[in-house]
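Text of my_file17.cif (mmCIF, C-alpha atoms) as supplied:
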data_data
#
loop_
_atom_site.label_atom_id
_atom_site.label_comp_id
_atom_site.auth_asym_id
_atom_site.auth_seq_id
_atom_site.Cartn_x
_atom_site.Cartn_y
_atom_site.Cartn_z
CA GLU A 1 135.64 167.01 -11.48
CA VAL A 2 135.42 169.41 -14.40
CA GLN A 3 133.31 172.45 -13.63
CA LEU A 4 132.39 175.44 -15.77
CA VAL A 5 130.46 178.22 -14.05
CA GLU A 6 129.15 181.16 -16.06
CA SER A 7 128.24 184.56 -14.68
CA GLY A 8 127.49 188.08 -15.85
CA GLY A 9 124.19 187.63 -17.60
CA GLY A 10 121.13 189.83 -17.23
CA LEU A 11 118.78 192.30 -18.88
CA VAL A 12 120.41 194.89 -21.14
CA GLN A 13 119.08 197.47 -23.57
CA PRO A 14 119.73 197.17 -27.32
CA GLY A 15 123.03 198.75 -28.30
CA ARG A 16 124.55 198.33 -24.84
CA SER A 17 127.31 195.99 -23.69
CA LEU A 18 127.65 193.02 -21.37
CA LYS A 19 130.59 190.82 -20.38
CA LEU A 20 130.18 187.16 -19.53
CA SER A 21 132.67 185.14 -17.51
CA CYS A 22 133.21 181.40 -17.16
CA ALA A 23 135.25 180.11 -14.25
CA ALA A 24 136.82 176.74 -14.98
CA SER A 25 138.09 174.17 -12.51
CA GLY A 26 139.00 170.49 -12.33
CA PHE A 27 141.31 170.47 -15.35
CA THR A 28 144.32 172.26 -16.79
CA PHE A 29 142.51 175.18 -18.41
CA SER A 30 145.48 176.27 -20.51
CA ASP A 31 145.54 172.92 -22.34
CA TYR A 32 142.14 173.29 -23.99
CA ALA A 33 140.35 175.38 -26.58
CA MET A 34 137.18 176.93 -25.17
CA ALA A 35 133.95 178.17 -26.70
CA TRP A 36 130.67 179.97 -26.18
CA VAL A 37 127.49 178.36 -27.50
CA ARG A 38 124.09 180.01 -27.19
CA GLN A 39 120.48 178.91 -27.26
CA ALA A 40 117.63 181.33 -27.88
CA PRO A 41 114.43 180.60 -25.94
CA LYS A 42 112.77 177.42 -27.22
CA LYS A 43 115.34 177.20 -30.03
CA GLY A 44 118.35 175.07 -30.93
CA LEU A 45 122.03 175.40 -30.20
CA GLU A 46 124.22 177.94 -31.99
CA TRP A 47 128.00 178.15 -31.82
CA VAL A 48 129.17 181.71 -31.11
CA ALA A 49 132.96 181.76 -30.76
CA THR A 50 136.05 179.71 -29.93
CA ILE A 51 139.48 180.60 -28.58
CA ILE A 52 142.41 178.24 -28.79
CA TYR A 53 144.40 177.11 -25.74
CA ASP A 54 146.82 180.03 -25.57
CA GLY A 55 144.47 182.74 -26.84
CA SER A 56 146.49 183.38 -29.99
CA SER A 57 143.62 182.55 -32.34
CA THR A 58 139.90 183.22 -32.15
CA TYR A 59 136.97 182.27 -34.35
CA TYR A 60 133.46 183.76 -34.56
CA ARG A 61 130.20 183.23 -36.32
CA ASP A 62 129.49 185.95 -38.85
CA SER A 63 126.55 187.46 -36.98
CA VAL A 64 128.72 188.41 -33.98
CA LYS A 65 131.99 189.32 -35.74
CA GLY A 66 133.01 192.86 -34.84
CA ARG A 67 130.57 192.97 -31.90
CA PHE A 68 131.67 190.10 -29.63
CA THR A 69 135.17 189.36 -28.34
CA ILE A 70 136.19 186.07 -26.79
CA SER A 71 139.22 186.08 -24.52
CA ARG A 72 140.79 184.06 -21.73
CA ASP A 73 143.00 184.46 -18.69
CA ASN A 74 144.85 181.19 -18.24
CA ALA A 75 146.33 182.33 -14.93
CA LYS A 76 142.79 182.71 -13.57
CA SER A 77 141.31 179.74 -15.49
CA THR A 78 138.61 182.04 -16.77
CA LEU A 79 136.96 182.50 -20.16
CA TYR A 80 135.23 185.72 -21.18
CA LEU A 81 132.80 186.98 -23.78
CA GLN A 82 132.60 190.74 -24.27
CA MET A 83 129.36 191.53 -26.06
CA ASP A 84 128.96 195.00 -27.56
CA SER A 85 126.23 196.58 -29.67
CA LEU A 86 123.78 193.98 -28.44
CA ARG A 87 120.67 193.23 -30.47
CA SER A 88 117.37 191.62 -29.58
CA GLU A 89 118.41 188.54 -31.57
CA ASP A 90 121.31 188.01 -29.14
CA THR A 91 118.79 187.10 -26.43
CA ALA A 92 119.69 183.58 -25.37
CA THR A 93 121.17 181.33 -22.74
CA TYR A 94 124.94 181.42 -23.21
CA TYR A 95 126.89 178.28 -22.42
CA CYS A 96 130.59 178.05 -21.82
CA ALA A 97 131.91 174.80 -23.32
CA ARG A 98 135.23 173.01 -23.46
CA HIS A 99 136.54 171.57 -26.72
CA ASP A 100 137.83 168.06 -26.10
CA ASP A 101 141.44 168.98 -26.89
CA GLN A 102 141.74 171.66 -29.53
CA PHE A 103 139.51 173.57 -31.90
CA GLY A 104 137.44 171.26 -34.04
CA ALA A 105 137.05 168.69 -31.29
CA PRO A 106 133.56 168.22 -29.84
CA PHE A 107 132.32 170.02 -26.73
CA ASP A 108 132.86 167.53 -23.92
CA TYR A 109 131.89 169.70 -20.94
CA TRP A 110 129.34 172.48 -20.66
CA GLY A 111 128.46 175.01 -18.01
CA GLN A 112 124.92 175.39 -16.70
CA GLY A 113 124.40 178.51 -18.82
CA VAL A 114 123.65 182.17 -18.16
CA MET A 115 120.69 184.09 -19.55
CA VAL A 116 121.15 187.27 -21.56
CA THR A 117 118.05 189.28 -22.42
CA VAL A 118 118.35 192.21 -24.79
CA SER A 119 115.26 194.39 -24.55
CA SER A 120 114.24 197.98 -24.03
CA ASP B 1 127.54 176.98 -43.97
CA ILE B 2 126.99 173.25 -43.53
CA VAL B 3 123.31 172.71 -42.78
CA LEU B 4 122.41 169.70 -40.65
CA THR B 5 118.86 168.40 -41.05
CA GLN B 6 117.08 166.45 -38.32
CA SER B 7 113.48 165.35 -37.96
CA PRO B 8 111.71 167.44 -35.30
CA ALA B 9 110.40 164.56 -33.23
CA LEU B 10 110.41 160.80 -32.79
CA ALA B 11 108.01 158.70 -30.72
CA VAL B 12 109.08 155.27 -29.50
CA SER B 13 107.93 152.76 -26.93
CA LEU B 14 110.00 152.05 -23.85
CA GLY B 15 112.34 149.13 -24.44
CA GLN B 16 112.32 149.63 -28.19
CA ARG B 17 114.97 151.00 -30.52
CA ALA B 18 115.15 154.70 -31.41
CA THR B 19 116.96 155.77 -34.56
CA ILE B 20 117.67 159.48 -34.96
CA SER B 21 119.07 160.72 -38.24
CA CYS B 22 121.14 163.72 -39.25
CA ARG B 23 121.84 164.66 -42.84
CA ALA B 24 124.54 167.20 -43.75
CA SER B 25 124.34 169.50 -46.75
CA GLN B 26 127.90 168.47 -47.65
CA SER B 27 130.36 165.88 -46.45
CA VAL B 28 131.69 166.27 -42.91
CA SER B 29 134.21 163.46 -43.28
CA THR B 30 137.94 163.65 -43.91
CA SER B 31 140.21 160.83 -44.96
CA SER B 32 140.70 160.02 -41.27
CA TYR B 33 137.65 161.24 -39.35
CA ASN B 34 133.92 161.59 -39.52
CA LEU B 35 133.50 164.95 -37.81
CA MET B 36 129.96 164.52 -36.54
CA HIS B 37 129.04 164.55 -32.86
CA TRP B 38 125.83 163.96 -30.89
CA TYR B 39 124.50 165.67 -27.77
CA GLN B 40 121.58 165.04 -25.42
CA GLN B 41 119.78 167.95 -23.79
CA LYS B 42 117.11 167.44 -21.14
CA PRO B 43 114.70 170.29 -20.31
CA GLY B 44 116.36 172.99 -18.21
CA GLN B 45 119.78 171.38 -18.48
CA GLN B 46 122.93 171.94 -20.46
CA PRO B 47 123.77 169.65 -23.37
CA LYS B 48 125.79 166.49 -22.77
CA LEU B 49 128.17 164.88 -25.25
CA LEU B 50 127.06 161.36 -26.19
CA ILE B 51 128.98 160.38 -29.32
CA TYR B 52 132.02 161.94 -30.98
CA ASP B 53 133.52 161.40 -34.40
CA ALA B 54 130.31 159.68 -35.50
CA SER B 55 130.73 156.43 -33.60
CA ASN B 56 132.81 156.87 -30.45
CA LEU B 57 131.01 156.70 -27.12
CA ALA B 58 131.84 159.62 -24.82
CA SER B 59 132.98 159.02 -21.27
CA SER B 60 130.36 157.63 -18.86
CA ILE B 61 127.72 157.22 -21.58
CA PRO B 62 125.90 153.87 -21.44
CA ALA B 63 126.40 151.39 -24.26
CA ARG B 64 122.70 151.69 -25.15
CA PHE B 65 123.79 154.67 -27.20
CA SER B 66 125.64 154.17 -30.47
CA GLY B 67 126.41 156.17 -33.57
CA SER B 68 127.17 155.43 -37.19
CA GLY B 69 127.55 157.05 -40.55
CA SER B 70 129.96 158.85 -42.82
CA GLY B 71 129.94 161.55 -45.46
CA THR B 72 126.56 163.24 -45.21
CA ASP B 73 124.37 160.69 -43.42
CA PHE B 74 124.62 159.90 -39.74
CA THR B 75 122.54 158.03 -37.20
CA LEU B 76 122.24 157.98 -33.43
CA THR B 77 120.69 154.78 -32.06
CA ILE B 78 119.33 154.22 -28.58
CA ASN B 79 118.54 150.60 -27.80
CA PRO B 80 116.68 149.94 -25.65
CA VAL B 81 115.04 153.29 -24.91
CA GLN B 82 114.56 154.04 -21.24
CA ALA B 83 112.38 156.69 -19.60
CA ASP B 84 115.49 158.69 -18.69
CA ASP B 85 116.31 159.11 -22.39
CA ILE B 86 113.47 161.56 -22.95
CA ALA B 87 115.32 164.60 -24.25
CA THR B 88 116.21 166.53 -27.38
CA TYR B 89 119.14 165.20 -29.39
CA TYR B 90 121.39 167.42 -31.49
CA CYS B 91 124.00 166.57 -34.09
CA GLN B 92 126.94 168.92 -34.62
CA GLN B 93 129.66 169.09 -37.26
CA SER B 94 133.22 170.27 -36.80
CA ARG B 95 134.38 169.78 -40.40
CA GLU B 96 134.39 173.49 -41.16
CA LEU B 97 133.50 176.90 -39.83
CA PRO B 98 131.06 177.94 -38.70
CA LEU B 99 130.50 174.99 -36.40
CA THR B 100 126.86 174.09 -36.84
CA PHE B 101 124.20 172.09 -35.02
CA GLY B 102 121.13 170.36 -36.28
CA SER B 103 117.78 171.75 -35.15
CA GLY B 104 117.30 168.86 -32.75
CA THR B 105 115.10 165.77 -32.53
CA LYS B 106 112.78 165.54 -29.54
CA LEU B 107 112.45 161.95 -28.35
CA GLU B 108 108.99 161.18 -27.01
CA ILE B 109 107.45 158.09 -25.48
CA LYS B 110 104.72 156.42 -27.51
#

Can you turn what I pasted into structure tokens?
Amino acid sequence: EVQLVESGGGLVQPGRSLKLSCAASGFTFSDYAMAWVRQAPKKGLEWVATIIYDGSSTYYRDSVKGRFTISRDNAKSTLYLQMDSLRSEDTATYYCARHDDQFGAPFDYWGQGVMVTVSS
Amino acid sequence: DIVLTQSPALAVSLGQRATISCRASQSVSTSSYNLMHWYQQKPGQQPKLLIYDASNLASSIPARFSGSGSGTDFTLTINPVQADDIATYYCQQSRELPLTFGSGTKLEIK
């Protein structure tokens, strides 16, 4: 059974940093591109970043470029999102999601999400 | 960015057909694929993939769900609607970066 379990969320002040993790199991993690998708309270879904299967390429939405870094450790089957210079508009539930195959494929499995609140 | 437009809400009676539309600001189709996907999200839960590449049913999704469309106009159909289908439905394109989602259509029971 495919499982994606996020951790690392919480309350953080504007301008500070936070690192999210997503532990994957039930599939060969190194075969798939992975992504982070977020959802602000009572709002819709917003793609944040994607990393391809071997970590050699990454893609970001413009609003997080230069502030967020997506990475992966295939030996640990874990996906990360380092979030720096956080802003109030980054407040959201962050989902770890698997691309069905490689980048561009739909998100076929999602974690349960982790809440990030940016507030003073 | 490719903007995906969905109606905010749709009310249908149980046992009837629900048709949810998604219009893209530019084509999301290639010569081989229609790169539009549909997700269901129930309150307090993560999204679930329903339909990929416009018309392909994802694993374990009941045949009551179907998708169609190409270019800029796409449709998700639920027939017949059951009580368990009450949720918000999102379309998503993977034709180009940034990957974008529609704003969601909330399915309500009439």

Q. If I put a ball of radius 7 Å at (118.6, 195.0, -21.5) in the file's coordinates, which residues poke into it when counting all atoms listed in the file, written as a PyMOL selection string?
A. chain A and resi 11-14+117-120

**Q.** Residue members of the PyMOL selection byres ((chain A) within 8 of (chain B)) in the file shown, as number ranges by chain
**A.** A: 43-47, 60-61, 95, 104-113

Q: Could you check how far atom CA of Asn79 of chain B sits from atom CA of Asn34 of chain B, in Å to one decimal?
A: 22.2 Å

(Q) At a cut-off of 8 Å around the point (115.3, 157.7, -24.7) (file coordinates), what residues fall inside when counting only C-alpha atoms? I'd like the answer as number ranges by chain. (A) B: 14, 18, 78, 80-87, 107-109

How about saving the chosen residues, C-alpha atoms kept, as a compact mmCIF listing (two decimals), in the coordinates of the input?
# COMPACT_ATOMS: atom_id res chain seq x y z
CA LEU B 14 110.00 152.05 -23.85
CA ALA B 18 115.15 154.70 -31.41
CA ILE B 78 119.33 154.22 -28.58
CA PRO B 80 116.68 149.94 -25.65
CA VAL B 81 115.04 153.29 -24.91
CA GLN B 82 114.56 154.04 -21.24
CA ALA B 83 112.38 156.69 -19.60
CA ASP B 84 115.49 158.69 -18.69
CA ASP B 85 116.31 159.11 -22.39
CA ILE B 86 113.47 161.56 -22.95
CA ALA B 87 115.32 164.60 -24.25
CA LEU B 107 112.45 161.95 -28.35
CA GLU B 108 108.99 161.18 -27.01
CA ILE B 109 107.45 158.09 -25.48

**Q.** Selected residue, from A:Thr91, A:Phe27, A:Gln39, A:Ser21, that lies nearest to Ser71 of chain A when counting only C-alpha atoms
**A.**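 Closest to Ser71 of chain A of all the choices is A:Ser21.
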
(Q) Need the shell around Ser21 of chain B: protein/DNA/RNA residues with any atom at most 8 Å away, counting only C-alpha atoms. Skip same-chain ones fewer than 2 positions apart. Format as a list in words? (A) Gln6, Ser7, Thr19, Arg23, Asp73, Phe74, Thr75 and Leu76 of chain B

Q: Kindly indicate which residue among A:Ser7, A:Ser85, A:Thr93, A:Ser25 lies nearest to Lys65 of chain A, using all atoms listed in the file for the distances.
A: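 Answer, going by the shortest atom-to-atom distance: A:Ser85.
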
(Q) Suppose a student applies the PyMOL selection byres ((chain A and resi 29-31) around 8) to this structure; what residues should they get, written as a ChimeraX atom specification? (A) /A:24-25,27-28,32-33,53-54,74,77,101

(Q) Between atom CA of Gln40 of chain B and atom CA of Arg38 of chain A, what distance in Å does the model show, to one decimal? (A) 15.3 Å

**Q.** For Arg67 of chain A, the nearest of the candidates A:Gly15, A:Pro41, A:Gly9, A:Gly26, counting only C-alpha atoms
**A.**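 Residue with the minimum atom-to-atom distance to Arg67 of chain A: A:Gly15.
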
Q) Can you tell me, as a PyMOL selection string, what residues are no more than 12 Å from Gly66 of chain A when counting only C-alpha atoms, ignoring any on the same chain fewer than 3 positions away? A) chain A and resi 49+59-63+69-70+82-86

Q) Just how far from atom CA of Thr72 of chain B is atom CA of Leu4 of chain B, in Å to one decimal? A)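 That distance, rounded to one decimal, is 8.9 Å.
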
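Counting all atoms listed in the file, the residue from B:Ala63, B:Leu57, B:Gln41, B:Ile2 that sits nearest to Val28 of chain B is B:Ile2.
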